[in-house]
$ cat coords.cif   # mmCIF, C-alpha atoms
data_upload
loop_
_atom_site.label_atom_id
_atom_site.label_comp_id
_atom_site.auth_asym_id
_atom_site.auth_seq_id
_atom_site.Cartn_x
_atom_site.Cartn_y
_atom_site.Cartn_z
CA MET A 1258 -109.42 -66.34 -35.28
CA GLY A 1259 -106.37 -67.38 -37.26
CA ALA A 1260 -102.66 -66.91 -37.36
CA LEU A 1261 -102.65 -63.90 -39.65
CA SER A 1262 -105.35 -61.64 -38.24
CA GLY A 1263 -108.00 -61.24 -35.56
CA ARG A 1264 -108.08 -62.89 -32.19
CA ILE A 1265 -105.69 -65.78 -31.64
CA SER A 1266 -107.05 -69.16 -30.52
CA PRO A 1267 -104.30 -71.72 -30.98
CA LEU A 1268 -103.63 -75.17 -29.71
CA ALA A 1269 -100.31 -74.38 -28.02
CA CYS A 1270 -97.62 -77.04 -27.72
CA SER A 1271 -94.06 -77.44 -26.52
CA VAL A 1272 -91.81 -79.06 -29.11
CA GLN A 1273 -89.29 -81.67 -28.01
CA GLY A 1274 -85.84 -81.38 -29.53
CA GLU A 1275 -84.53 -79.33 -32.41
CA VAL A 1276 -84.55 -79.78 -36.17
CA GLU A 1277 -81.25 -81.55 -36.87
CA ASP A 1278 -81.16 -81.12 -40.62
CA TRP A 1279 -83.07 -78.15 -42.07
CA LYS A 1280 -82.11 -79.13 -45.62
CA LYS A 1281 -83.83 -82.47 -45.09
CA ALA A 1282 -86.83 -80.72 -43.52
CA MET A 1283 -87.13 -78.46 -46.57
CA ASP A 1284 -86.98 -81.54 -48.83
CA ASN A 1285 -89.68 -83.13 -46.69
CA LEU A 1286 -91.86 -80.05 -47.10
CA VAL A 1287 -91.80 -80.67 -50.83
CA ARG A 1288 -92.35 -84.38 -50.31
CA TYR A 1289 -95.38 -83.75 -48.08
CA ARG A 1290 -96.72 -80.76 -49.99
CA PHE A 1291 -100.41 -80.60 -50.70
CA GLN A 1292 -101.33 -82.25 -53.98
CA PRO A 1293 -104.77 -81.65 -55.47
CA PHE A 1294 -106.77 -84.72 -56.36
CA ASP A 1295 -109.34 -85.50 -58.97
CA PRO A 1296 -112.64 -86.64 -57.39
CA LYS A 1297 -113.12 -88.87 -60.46
CA SER A 1298 -110.12 -90.91 -59.30
CA GLY A 1299 -112.15 -92.33 -56.43
CA LYS A 1300 -109.98 -90.59 -53.85
CA THR A 1301 -111.96 -88.70 -51.22
CA GLN A 1302 -109.28 -86.76 -49.32
CA SER A 1303 -105.86 -85.20 -49.71
CA PHE A 1304 -103.75 -83.19 -47.26
CA GLY A 1305 -100.32 -81.62 -47.11
CA TRP A 1306 -98.37 -78.39 -46.66
CA VAL A 1307 -99.03 -75.12 -48.43
CA LEU A 1308 -97.72 -71.63 -47.72
CA LEU A 1309 -99.09 -69.82 -44.69
CA THR A 1310 -99.88 -66.78 -46.79
CA ASP A 1311 -101.12 -68.55 -49.93
CA PRO A 1312 -103.09 -71.81 -49.70
CA PHE A 1313 -102.66 -72.38 -53.44
CA SER A 1314 -98.87 -72.25 -53.43
CA THR A 1315 -96.31 -74.89 -52.56
CA GLU A 1316 -93.29 -72.80 -53.53
CA PHE A 1317 -91.39 -73.37 -50.29
CA THR A 1318 -88.64 -70.81 -50.59
CA LYS A 1319 -86.93 -69.74 -47.39
CA SER A 1320 -88.42 -66.26 -47.55
CA ALA A 1321 -91.91 -67.71 -48.00
CA ILE A 1322 -91.88 -69.96 -44.94
CA TYR A 1323 -89.60 -68.08 -42.51
CA PHE A 1324 -90.89 -65.11 -40.57
CA GLY A 1325 -87.79 -63.62 -39.01
CA GLU A 1326 -84.96 -65.99 -38.13
CA ASP A 1327 -86.74 -68.43 -35.86
CA ILE A 1328 -90.38 -68.60 -36.88
CA VAL A 1329 -91.62 -71.04 -39.51
CA GLY A 1330 -95.18 -70.56 -40.70
CA LEU A 1331 -97.08 -73.06 -42.83
CA THR A 1332 -100.61 -74.21 -43.45
CA MET A 1333 -101.85 -77.77 -43.50
CA ARG A 1334 -104.38 -77.90 -46.32
CA MET A 1335 -106.96 -80.65 -46.27
CA ASP A 1336 -109.31 -81.13 -49.21
CA SER A 1337 -112.13 -83.64 -49.16
CA VAL A 1338 -115.22 -84.59 -51.09
CA SER A 1339 -118.30 -86.12 -49.61
CA VAL A 1340 -121.82 -86.73 -50.78
CA PRO A 1341 -124.76 -86.29 -48.41
CA ALA A 1342 -126.44 -89.60 -47.54
CA SER A 1343 -129.84 -88.14 -48.47
CA GLN A 1344 -128.59 -87.47 -52.03
CA VAL A 1345 -127.18 -91.01 -52.32
CA LYS A 1346 -130.54 -92.41 -51.20
CA LEU A 1347 -132.46 -90.40 -53.82
CA HIS A 1348 -130.21 -91.36 -56.72
CA LEU A 1349 -129.93 -94.96 -55.57
CA GLY A 1350 -133.72 -95.27 -55.54
CA ARG A 1351 -133.93 -93.97 -59.10
CA ARG A 1352 -131.21 -96.38 -60.33
CA VAL A 1353 -132.81 -99.36 -58.60
CA ARG A 1354 -136.17 -98.60 -60.20
CA GLN A 1355 -134.47 -98.39 -63.61
CA GLU A 1356 -132.70 -101.74 -63.08
CA LEU A 1357 -135.92 -103.45 -61.98
CA ALA A 1358 -137.87 -102.06 -64.92
CA GLY A 1359 -135.15 -103.16 -67.34
CA SER A 1360 -134.77 -106.69 -65.96
CA GLY A 1361 -138.38 -107.37 -65.10
CA LYS A 1362 -137.34 -108.63 -61.69
CA GLU A 1363 -139.16 -107.78 -58.45
CA SER A 1364 -136.02 -107.30 -56.41
CA LEU A 1365 -132.24 -107.12 -56.78
CA PRO A 1366 -129.66 -109.32 -55.04
CA LYS A 1367 -127.75 -107.67 -52.17
CA ALA A 1368 -124.45 -107.75 -54.07
CA GLU A 1369 -126.05 -106.00 -57.03
CA LEU A 1370 -127.49 -103.31 -54.74
CA SER A 1371 -124.04 -102.71 -53.25
CA ARG A 1372 -122.49 -102.38 -56.69
CA ILE A 1373 -125.12 -99.87 -57.80
CA LYS A 1374 -124.64 -97.91 -54.60
CA GLU A 1375 -120.88 -97.72 -55.19
CA ASP A 1376 -121.52 -96.54 -58.77
CA VAL A 1377 -123.93 -93.87 -57.55
CA ILE A 1378 -121.48 -92.58 -54.93
CA ALA A 1379 -118.62 -92.51 -57.45
CA GLU A 1380 -120.77 -90.67 -59.97
CA LEU A 1381 -121.93 -88.07 -57.45
CA MET A 1382 -118.36 -87.65 -56.14
CA SER A 1383 -117.07 -87.02 -59.66
CA HIS A 1384 -119.41 -84.03 -59.93
CA SER A 1385 -118.43 -82.63 -56.52
CA LEU A 1386 -115.91 -79.91 -55.83
CA PRO A 1387 -113.56 -80.68 -52.95
CA THR A 1388 -114.08 -78.69 -49.76
CA ILE A 1389 -110.90 -76.89 -48.78
CA LYS A 1390 -109.99 -76.64 -45.10
CA LEU A 1391 -106.93 -74.74 -43.91
CA TYR A 1392 -105.14 -75.20 -40.60
CA GLU A 1393 -102.33 -72.74 -39.94
CA MET A 1394 -99.22 -73.56 -37.97
CA VAL A 1395 -96.55 -71.31 -36.52
CA TYR A 1396 -93.41 -72.88 -35.07
CA ASN A 1397 -90.90 -70.86 -33.08
CA ALA A 1398 -87.73 -72.96 -33.24
CA ARG A 1399 -85.82 -70.81 -30.72
CA ARG A 1400 -88.53 -71.08 -28.08
CA ASN A 1401 -89.52 -74.67 -28.94
CA ARG A 1402 -93.12 -73.49 -29.16
CA LEU A 1403 -95.72 -74.39 -31.73
CA TRP A 1404 -99.19 -72.96 -32.28
CA PHE A 1405 -101.63 -74.91 -34.40
CA PHE A 1406 -104.97 -73.51 -35.50
CA GLY A 1407 -107.14 -76.61 -35.52
CA LYS A 1408 -108.71 -78.36 -32.58
CA ALA A 1409 -110.74 -81.32 -33.87
CA LYS A 1410 -109.14 -84.54 -32.63
CA GLY A 1411 -108.77 -86.12 -36.10
CA VAL A 1412 -107.24 -82.98 -37.57
CA VAL A 1413 -104.77 -82.66 -34.67
CA THR A 1414 -103.74 -86.31 -35.07
CA THR A 1415 -103.13 -85.83 -38.80
CA PHE A 1416 -101.16 -82.65 -38.13
CA VAL A 1417 -98.97 -84.21 -35.42
CA GLU A 1418 -98.04 -87.04 -37.80
CA LEU A 1419 -97.38 -84.69 -40.72
CA PHE A 1420 -95.21 -82.41 -38.55
CA ASN A 1421 -93.29 -85.37 -37.20
CA GLU A 1422 -92.70 -86.82 -40.67
CA THR A 1423 -91.55 -83.44 -41.97
CA PHE A 1424 -89.42 -82.08 -39.13
CA GLY A 1425 -88.65 -85.23 -37.14
CA LEU A 1426 -90.02 -83.65 -33.96
CA THR A 1427 -92.73 -84.48 -31.46
CA MET A 1428 -94.85 -82.09 -29.45
CA THR A 1429 -96.81 -81.96 -26.22
CA PRO A 1430 -99.96 -79.84 -25.90
CA ASP A 1431 -100.00 -77.49 -22.93
CA SER A 1432 -101.64 -78.69 -19.73
CA PRO A 1433 -101.10 -77.80 -16.06
CA PHE A 1434 -98.74 -80.80 -15.83
CA SER A 1435 -96.72 -80.24 -19.02
CA VAL A 1436 -96.26 -76.53 -18.31
CA ALA A 1437 -95.18 -77.32 -14.72
CA ARG A 1438 -92.65 -79.75 -16.20
CA ASP A 1439 -91.32 -76.99 -18.48
CA ILE A 1440 -91.13 -74.48 -15.62
CA LEU A 1441 -89.84 -76.72 -12.84
CA SER A 1442 -88.38 -80.06 -13.90
CA ALA A 1443 -89.78 -83.47 -14.71
CA LYS A 1444 -88.97 -84.65 -11.19
CA GLU A 1445 -90.61 -81.67 -9.47
CA ALA A 1446 -93.66 -81.88 -11.73
CA GLU A 1447 -94.13 -85.52 -10.73
CA LYS A 1448 -94.50 -84.39 -7.11
CA LEU A 1449 -97.58 -82.38 -8.06
CA LEU A 1450 -99.39 -85.69 -8.46
CA GLU A 1451 -99.09 -86.20 -4.73
CA LEU A 1452 -100.84 -82.94 -3.83
CA GLY A 1453 -104.35 -83.36 -2.57
CA GLU A 1454 -107.21 -81.09 -3.56
CA THR A 1455 -107.17 -77.75 -1.86
CA GLY A 1456 -109.97 -76.00 -0.07
CA PHE A 1457 -109.06 -72.33 -0.31
CA VAL A 1458 -111.45 -71.09 2.34
CA ARG A 1459 -113.54 -72.40 5.23
CA PRO A 1460 -116.93 -73.44 3.87
CA ASP A 1461 -118.79 -72.48 7.03
CA ALA A 1462 -117.45 -68.98 7.63
CA MET B 462 -97.43 -93.80 -14.69
CA ASP B 463 -98.62 -93.12 -18.21
CA PHE B 464 -98.12 -89.47 -19.32
CA SER B 465 -101.78 -88.94 -20.14
CA LYS B 466 -102.72 -90.05 -16.61
CA LYS B 467 -100.31 -87.49 -15.19
CA VAL B 468 -101.94 -84.83 -17.35
CA GLU B 469 -105.43 -85.82 -16.27
CA GLY B 470 -104.38 -86.22 -12.63
CA THR B 471 -103.22 -82.61 -12.39
CA ARG B 472 -105.87 -80.75 -14.40
CA GLN B 473 -107.41 -79.44 -11.18
CA LEU B 474 -104.24 -77.40 -10.59
CA GLY B 475 -105.28 -75.19 -13.50
CA ALA B 476 -108.56 -74.29 -11.79
CA GLU B 477 -106.75 -73.72 -8.50
CA PHE B 478 -104.31 -71.44 -10.33
CA LEU B 479 -107.12 -69.33 -11.82
CA THR B 480 -108.94 -69.10 -8.48
CA TRP B 481 -105.72 -68.05 -6.76
CA LEU B 482 -105.08 -65.47 -9.51
CA MET B 483 -108.50 -63.96 -8.86
CA TYR B 484 -107.78 -63.63 -5.13
CA ARG B 485 -104.31 -62.15 -5.70
CA SER B 486 -105.59 -59.74 -8.34
CA LEU B 487 -108.50 -58.44 -6.29
CA ALA B 488 -106.61 -58.34 -3.01
CA ASN B 489 -103.70 -56.41 -4.55
CA GLU B 490 -105.62 -54.03 -6.81
CA GLY B 491 -104.55 -55.93 -9.91
CA ILE B 492 -100.82 -55.89 -9.25
CA LEU B 493 -99.09 -59.28 -9.15
CA ALA B 494 -95.38 -59.74 -8.61
CA THR B 495 -93.68 -62.23 -10.93
CA GLN B 496 -90.14 -63.19 -11.86
CA LEU B 497 -90.52 -60.92 -14.89
CA GLY B 498 -91.63 -57.96 -12.80
CA ASN B 499 -95.00 -56.58 -11.75
CA VAL B 500 -97.95 -57.54 -13.91
CA ASP B 501 -101.31 -55.76 -13.94
CA LEU B 502 -103.97 -58.46 -14.17
CA TRP B 503 -107.74 -58.13 -14.04
CA PHE B 504 -110.66 -60.50 -14.40
CA GLU B 505 -112.91 -59.15 -17.14
CA ASN B 506 -116.50 -59.84 -18.17
CA SER B 507 -116.82 -63.61 -17.84
CA VAL B 508 -115.92 -66.05 -15.09
CA THR B 509 -116.92 -69.72 -14.90
CA PHE B 510 -117.00 -71.33 -11.47
CA VAL B 511 -117.19 -75.11 -11.24
CA SER B 512 -117.62 -77.27 -8.17
CA PRO B 513 -114.76 -79.78 -7.92
CA LEU B 514 -117.20 -82.31 -6.46
CA ALA B 515 -118.61 -85.08 -8.62
CA GLY B 516 -121.29 -83.76 -10.95
CA GLY B 517 -119.62 -80.32 -10.75
CA GLU B 518 -122.23 -77.56 -10.56
CA VAL B 519 -121.35 -74.77 -13.01
CA ASN B 520 -121.85 -71.04 -12.43
CA ILE B 521 -121.15 -68.73 -15.35
CA LEU B 522 -120.97 -65.11 -14.22
CA LYS B 523 -121.04 -62.41 -16.87
CA GLY B 524 -121.24 -58.63 -16.85
CA GLU B 525 -119.00 -55.91 -15.52
CA ALA B 526 -116.29 -57.36 -13.25
CA PRO B 527 -118.28 -60.43 -12.14
CA ALA B 528 -115.34 -61.71 -10.09
CA GLU B 529 -115.85 -58.82 -7.68
CA GLY B 530 -119.52 -59.49 -6.95
CA LYS B 531 -121.37 -61.23 -4.16
CA GLU B 532 -122.16 -64.26 -6.32
CA ALA B 533 -118.46 -64.86 -6.89
CA HIS B 534 -117.78 -64.67 -3.17
CA VAL B 535 -120.54 -67.18 -2.44
CA SER B 536 -119.23 -69.52 -5.13
CA ILE B 537 -115.77 -69.53 -3.59
CA ARG B 538 -117.18 -70.02 -0.12
CA LYS B 539 -119.05 -73.07 -1.46
CA GLY B 540 -115.74 -74.51 -2.65
CA LYS B 541 -116.17 -73.76 -6.33
CA GLN B 542 -113.11 -72.94 -8.39
CA ILE B 543 -112.64 -70.96 -11.57
CA GLU B 544 -112.20 -73.12 -14.65
CA GLN B 545 -112.40 -70.38 -17.26
CA ALA B 546 -112.23 -66.60 -17.27
CA ARG B 547 -111.67 -63.61 -19.51
CA LEU B 548 -108.56 -61.81 -18.33
CA SER B 549 -106.59 -58.71 -19.17
CA VAL B 550 -102.90 -58.38 -18.54
CA THR B 551 -100.73 -55.31 -18.89
CA PHE B 552 -96.98 -55.75 -18.80
CA GLN B 553 -94.38 -53.19 -19.84
CA SER B 554 -97.11 -50.99 -21.35
CA LYS B 555 -98.44 -53.82 -23.51
CA ARG B 556 -102.04 -54.85 -22.89
CA PHE B 557 -103.37 -58.31 -23.73
CA GLU B 558 -106.89 -59.62 -23.37
CA PHE B 559 -107.67 -63.32 -23.53
CA SER B 560 -109.78 -66.19 -22.28
CA PHE B 561 -107.96 -68.72 -20.18
CA SER B 562 -109.00 -72.27 -19.40
CA GLY B 563 -107.33 -73.52 -16.23
CA PRO B 564 -107.73 -77.30 -16.72
CA GLY B 565 -106.62 -77.00 -20.36
CA PHE B 566 -103.99 -74.39 -19.60
CA SER B 567 -105.07 -72.79 -22.85
CA ILE B 568 -105.22 -69.24 -24.10
CA THR B 569 -108.01 -68.54 -26.57
CA SER B 570 -109.51 -65.52 -28.26
CA ALA B 571 -106.38 -63.54 -27.45
CA LYS B 572 -106.17 -59.89 -28.42
CA VAL B 573 -102.55 -58.85 -28.62
CA PRO B 574 -101.40 -55.20 -28.87
CA ALA B 575 -101.74 -53.62 -32.31
CA VAL B 576 -99.14 -54.85 -34.77
CA LEU B 577 -97.63 -52.27 -37.10
CA GLY B 578 -95.35 -54.41 -39.26
CA GLU B 579 -94.20 -53.13 -42.63
CA ASP B 580 -95.47 -56.22 -44.43
CA GLU B 581 -97.29 -59.50 -43.82
CA SER B 582 -94.08 -61.27 -42.80
CA MET B 583 -93.33 -58.67 -40.13
CA ASN B 584 -96.94 -58.84 -38.93
CA VAL B 585 -96.74 -62.62 -38.39
CA LEU B 586 -93.39 -62.27 -36.65
CA GLU B 587 -94.67 -59.55 -34.34
CA ARG B 588 -98.02 -61.23 -33.56
CA PHE B 589 -96.32 -64.45 -32.49
CA GLU B 590 -93.59 -62.72 -30.52
CA LEU B 591 -96.41 -60.96 -28.65
CA LEU B 592 -98.26 -64.23 -28.13
CA ALA B 593 -95.05 -65.79 -26.80
CA SER B 594 -94.67 -62.81 -24.44
CA LEU B 595 -98.19 -63.39 -23.16
CA GLU B 596 -97.36 -67.06 -22.58
CA ASP B 597 -94.23 -66.02 -20.68
CA ILE B 598 -96.33 -63.81 -18.42
CA VAL B 599 -98.88 -66.57 -17.74
CA ARG B 600 -96.10 -69.10 -17.09
CA SER B 601 -94.40 -66.69 -14.73
CA LEU B 602 -97.65 -66.27 -12.79
CA TYR B 603 -98.10 -70.06 -12.75
CA HIS B 604 -94.56 -70.45 -11.44
CA GLY B 605 -95.43 -68.14 -8.55
CA PHE B 606 -98.51 -70.22 -7.82
CA LEU B 607 -96.59 -73.50 -7.95
CA GLU B 608 -93.92 -72.21 -5.58
CA LEU B 609 -96.61 -71.63 -2.97
CA ARG B 610 -98.73 -74.66 -3.78
CA ARG B 611 -95.82 -77.10 -3.43
CA ASP B 612 -94.93 -75.84 0.04
CA ALA B 613 -97.50 -77.06 2.56
CA ARG B 614 -96.73 -74.38 5.14
CA LYS B 615 -96.71 -71.49 2.69
CA TRP B 616 -99.88 -72.78 1.05
CA ALA B 617 -101.71 -73.03 4.38
CA GLU B 618 -100.73 -69.43 5.13
CA GLU B 619 -101.88 -68.33 1.67
CA CYS B 620 -105.26 -70.04 2.12
CA LYS B 621 -105.65 -68.39 5.52
CA ARG B 622 -105.05 -64.97 3.96
CA PHE B 623 -107.49 -65.85 1.16
CA ASP B 624 -110.12 -66.79 3.75
CA GLU B 625 -109.60 -63.57 5.73
CA TRP B 626 -109.81 -61.50 2.57
CA LEU B 627 -113.01 -63.25 1.47
CA THR B 628 -114.59 -62.75 4.89
CA ALA B 629 -113.81 -59.04 4.71
CA GLN B 630 -115.27 -58.84 1.19
CA GLN B 631 -118.45 -60.60 2.25
CA GLU B 632 -118.87 -58.29 5.23
CA THR B 633 -118.56 -55.33 2.88
CA THR B 634 -121.04 -56.59 0.28
CA ASP B 635 -123.63 -58.00 2.72
#
$ encode --input "coords.cif" --output "C-alpha cells"
Amino acid sequence: MGALSGRISPLACSVQGEVEDWKKAMDNLVRYRFQPFDPKSGKTQSFGWVLLTDPFSTEFTKSAIYFGEDIVGLTMRMDSVSVPASQVKLHLGRRVRQELAGSGKESLPKAELSRIKEDVIAELMSHSLPTIKLYEMVYNARRNRLWFFGKAKGVVTTFVELFNETFGLTMTPDSPFSVARDILSAKEAEKLLELGETGFVRPDA
Amino acid sequence: MDFSKKVEGTRQLGAEFLTWLMYRSLANEGILATQLGNVDLWFENSVTFVSPLAGGEVNILKGEAPAEGKEAHVSIRKGKQIEQARLSVTFQSKRFEFSFSGPGFSITSAKVPAVLGEDESMNVLERFELLASLEDIVRSLYHGFLELRRDARKWAEECKRFDEWLTAQQETTD
C-alpha cells in the first residue's frame, strides 16, 4: 500500500505556495537527512530524509529525488528503540534483589530505585536494535499536490514540520471544505457553512 | 471562524456528495457528465450508510452491487447517507478502482491502471500522474455536486428527481 507498488492509500494534501529556492531546499535535505543513532548514547529516536527508492541512502542527487520534471519523491525514515515494560520489570526485580542482598537492607530508597530503573532501561536499550519505519512522500510541485504515506497523528505532525523546515511550505489535508476552496474560491467555500443539512428524499413515501 | 471548525462544519457535504453520486450513477446507467467529459462511475462491492442523526446508525452493505439493492433504498428513505464506498471510475479508457470516504474526502486502496514504465523512476512518475488524474475526476464530480448544492432552487429540483427515482426503484424491487 505504498508509493512504489500495490494499492495507493495516501494522505492527500494541497500545498500552499511554491519552493522559492530549490538550491536551499536541496541543502536542507542534507541538513535534515536521516542520521543513524547509537542506542548506547541514550537517544531513543531519530528521523530524517532518505531516498524514496533506498531507505539506506542519503545521496540526494537530482536524479535520485526527481521523478520527471515536477515530482519529488522522498522517504521520511524514523528509527526508534524501546524496551517492553514487562522486560524492564523482570530485570529491575533481579537488580533490586541483588542490591538488597549486597547491602543487607530490607528496602531501597525511592531515589535509589529510580536510579536502578534508569540503569536497567539504558542497559536493555543498548542491546536493542532500532526499529525502522518508513513513510514515503511524493510531491508534485506543478500541481501543488502532496501524497504522504503515513496516517498516525504523531507521524503526520513530525512530517509536516520536517517538510516545512526543508521546503518552506505548508500543506492542508483534503476535506470537503478544503477541496471546495480549491475548486471554487475561499469566499464561495465559506458560503457552504451556511447550508443546512439536506434530506434527499421524503422519509414517508 | 477557525479553519478546523470550517473543516468540521462541512464534513457532512462529503457524505451528501457520495449519496448524490450513487443516485446519479444508478439513474444514468453509470454515466456522469463532468467538466472533463463523461465519466463512467459505478458503486462496487461495499457501501457504508450512516444516519446523520446523533448516534448515527451504521449500515455496511457488501456483496455484488449493494447500492442497487432493496436495503440501500430503505437506508436512503430513512435519511441515511453514504460515508464510504468502493467505487470504479473509467475515464478516457483508463479504469480506476478505489475506496472513497466522503467526510474525509480521501481516496484509499486505489488501483490505478497498469504502469509500464521503463524503470522505477518512470513507474513512480506514471503512478502519481494517474493518481492525480483520478483526483481530477473526483474533483470534477464534486464541482458538479457543489454547483447544484449551492443553488437552492436547483438543489430542490435535484432532490425531487432523486425522490421520484427512488420511489420507482422501490416499486420495482418490492
$ atom_distance --input "coords.cif" --atom1 "atom CA of B:Ser549" --atom2 "atom CA of B:Trp503"
5.3 Å
$ closest_atom_pairs --input "coords.cif" --of "chain B" --to "chain A" --cutoff "8 Å" --atoms "all atoms listed in the file" --output "CSV"
residue,atom,partner,partner_atom,distance
B:Lys467,CA,A:Phe1434,CA,6.9
B:Val468,CA,A:Phe1434,CA,5.4
B:Gly470,CA,A:Leu1450,CA,6.5
B:Thr471,CA,A:Phe1434,CA,5.9
B:Arg472,CA,A:Pro1433,CA,5.8
B:Gln473,CA,A:Glu1454,CA,7.8
B:Leu474,CA,A:Pro1433,CA,6.3
B:Gly475,CA,A:Pro1433,CA,5.6
B:Glu477,CA,A:Thr1455,CA,7.8
B:Ile537,CA,A:Val1458,CA,7.5
B:Arg538,CA,A:Pro1460,CA,5.3
B:Lys539,CA,A:Pro1460,CA,5.7
B:Gly540,CA,A:Gly1456,CA,6.5
B:Gly563,CA,A:Pro1433,CA,7.6
B:Pro564,CA,A:Pro1433,CA,6.7
B:Gly565,CA,A:Ser1432,CA,5.3
B:Phe566,CA,A:Ser1432,CA,4.9
B:Ser567,CA,A:Asp1431,CA,6.9
B:Ile568,CA,A:Ser1266,CA,6.7
B:Thr569,CA,A:Ser1266,CA,4.1
B:Ser570,CA,A:Arg1264,CA,4.9
B:Ala571,CA,A:Ile1265,CA,4.8
B:Lys572,CA,A:Arg1264,CA,5.2
B:Val573,CA,A:Arg1264,CA,7.7
B:Ser582,CA,A:Phe1324,CA,5.5
B:Met583,CA,A:Phe1324,CA,6.9
B:Asn584,CA,A:Leu1261,CA,7.7
B:Val585,CA,A:Leu1261,CA,6.2
B:Leu586,CA,A:Phe1324,CA,5.4
B:Phe589,CA,A:Val1395,CA,8.0
B:Arg600,CA,A:Ile1440,CA,7.5
B:His604,CA,A:Ile1440,CA,6.7
B:Leu607,CA,A:Ala1437,CA,7.9
B:Arg611,CA,A:Leu1449,CA,7.2
B:Cys620,CA,A:Phe1457,CA,5.1
B:Lys621,CA,A:Val1458,CA,7.1
B:Phe623,CA,A:Val1458,CA,6.7
B:Asp624,CA,A:Val1458,CA,4.7
B:Thr628,CA,A:Ala1462,CA,7.4
$ atom_distance --input "coords.cif" --atom1 "atom CA of A:Thr1318" --atom2 "atom CA of A:Gly1305"
16.3 Å
$ closest_residue --input "coords.cif" --among "A:Pro1387, A:Leu1381, A:Val1353, A:Gly1274" --to "A:Glu1369" --atoms "only C-alpha atoms"
A:Val1353
$ resolve_selection --input "coords.cif" --expression "the PyMOL selection byres ((chain A and resi 1288-1302) around 7)" --output "number ranges by chain"
A: 1284-1287, 1303-1307, 1315, 1334, 1336-1338, 1379, 1382-1383
$ atom_distance --input "coords.cif" --atom1 "atom CA of B:Arg610" --atom2 "atom CA of B:Met483"
15.4 Å
$ resolve_selection --input "coords.cif" --expression "the PyMOL selection byres ((chain B and resi 492) around 12)" --output "compact mmCIF listing (two decimals) with C-alpha atoms, keeping the file's coordinate frame"
# COMPACT_ATOMS: atom_id res chain seq x y z
CA LEU B 482 -105.08 -65.47 -9.51
CA MET B 483 -108.50 -63.96 -8.86
CA TYR B 484 -107.78 -63.63 -5.13
CA ARG B 485 -104.31 -62.15 -5.70
CA SER B 486 -105.59 -59.74 -8.34
CA LEU B 487 -108.50 -58.44 -6.29
CA ALA B 488 -106.61 -58.34 -3.01
CA ASN B 489 -103.70 -56.41 -4.55
CA GLU B 490 -105.62 -54.03 -6.81
CA GLY B 491 -104.55 -55.93 -9.91
CA LEU B 493 -99.09 -59.28 -9.15
CA ALA B 494 -95.38 -59.74 -8.61
CA THR B 495 -93.68 -62.23 -10.93
CA GLY B 498 -91.63 -57.96 -12.80
CA ASN B 499 -95.00 -56.58 -11.75
CA VAL B 500 -97.95 -57.54 -13.91
CA ASP B 501 -101.31 -55.76 -13.94
CA LEU B 502 -103.97 -58.46 -14.17
CA TRP B 503 -107.74 -58.13 -14.04
CA SER B 549 -106.59 -58.71 -19.17
CA VAL B 550 -102.90 -58.38 -18.54
CA THR B 551 -100.73 -55.31 -18.89
CA PHE B 552 -96.98 -55.75 -18.80
CA LEU B 602 -97.65 -66.27 -12.79
$ resolve_selection --input "coords.cif" --expression "the PyMOL selection byres ((chain B and resi 574) around 8)" --output "count of residues only"
8
$ closest_residue --input "coords.cif" --among "A:Val1272, A:Met1335, A:Met1283, A:Leu1357" --to "A:Phe1416" --atoms "only C-alpha atoms"
A:Met1335
$ residues_around --input "coords.cif" --residues "B:Glu544" --least-positions-apart "5" --cutoff "7 Å" --atoms "all atoms listed in the file" --output "ChimeraX atom specification"
/B:476,479,509-511,562-564
$ decode --input "coords.cif" --residues "stretch 1333-1348 of chain A" --atoms "C-alpha atoms" --output "PDB file, in the first residue's frame"
ATOM      1  CA  MET A1333      10.888  10.070   5.966  1.00  0.00           C
ATOM      2  CA  ARG A1334      12.765   7.424   7.917  1.00  0.00           C
ATOM      3  CA  MET A1335      12.077   7.121  11.609  1.00  0.00           C
ATOM      4  CA  ASP A1336      14.154   4.781  13.766  1.00  0.00           C
ATOM      5  CA  SER A1337      13.372   4.157  17.406  1.00  0.00           C
ATOM      6  CA  VAL A1338      14.293   1.836  20.226  1.00  0.00           C
ATOM      7  CA  SER A1339      12.013   0.847  23.024  1.00  0.00           C
ATOM      8  CA  VAL A1340      12.056  -1.782  25.717  1.00  0.00           C
ATOM      9  CA  PRO A1341       8.851  -3.567  26.731  1.00  0.00           C
ATOM     10  CA  ALA A1342       7.705  -2.628  30.240  1.00  0.00           C
ATOM     11  CA  SER A1343       7.425  -6.320  31.160  1.00  0.00           C
ATOM     12  CA  GLN A1344      11.147  -6.808  30.386  1.00  0.00           C
ATOM     13  CA  VAL A1345      12.090  -3.743  32.468  1.00  0.00           C
ATOM     14  CA  LYS A1346      10.060  -5.121  35.379  1.00  0.00           C
ATOM     15  CA  LEU A1347      11.808  -8.509  35.234  1.00  0.00           C
ATOM     16  CA  HIS A1348      15.329  -7.086  35.107  1.00  0.00           C
TER      17      HIS A1348
END
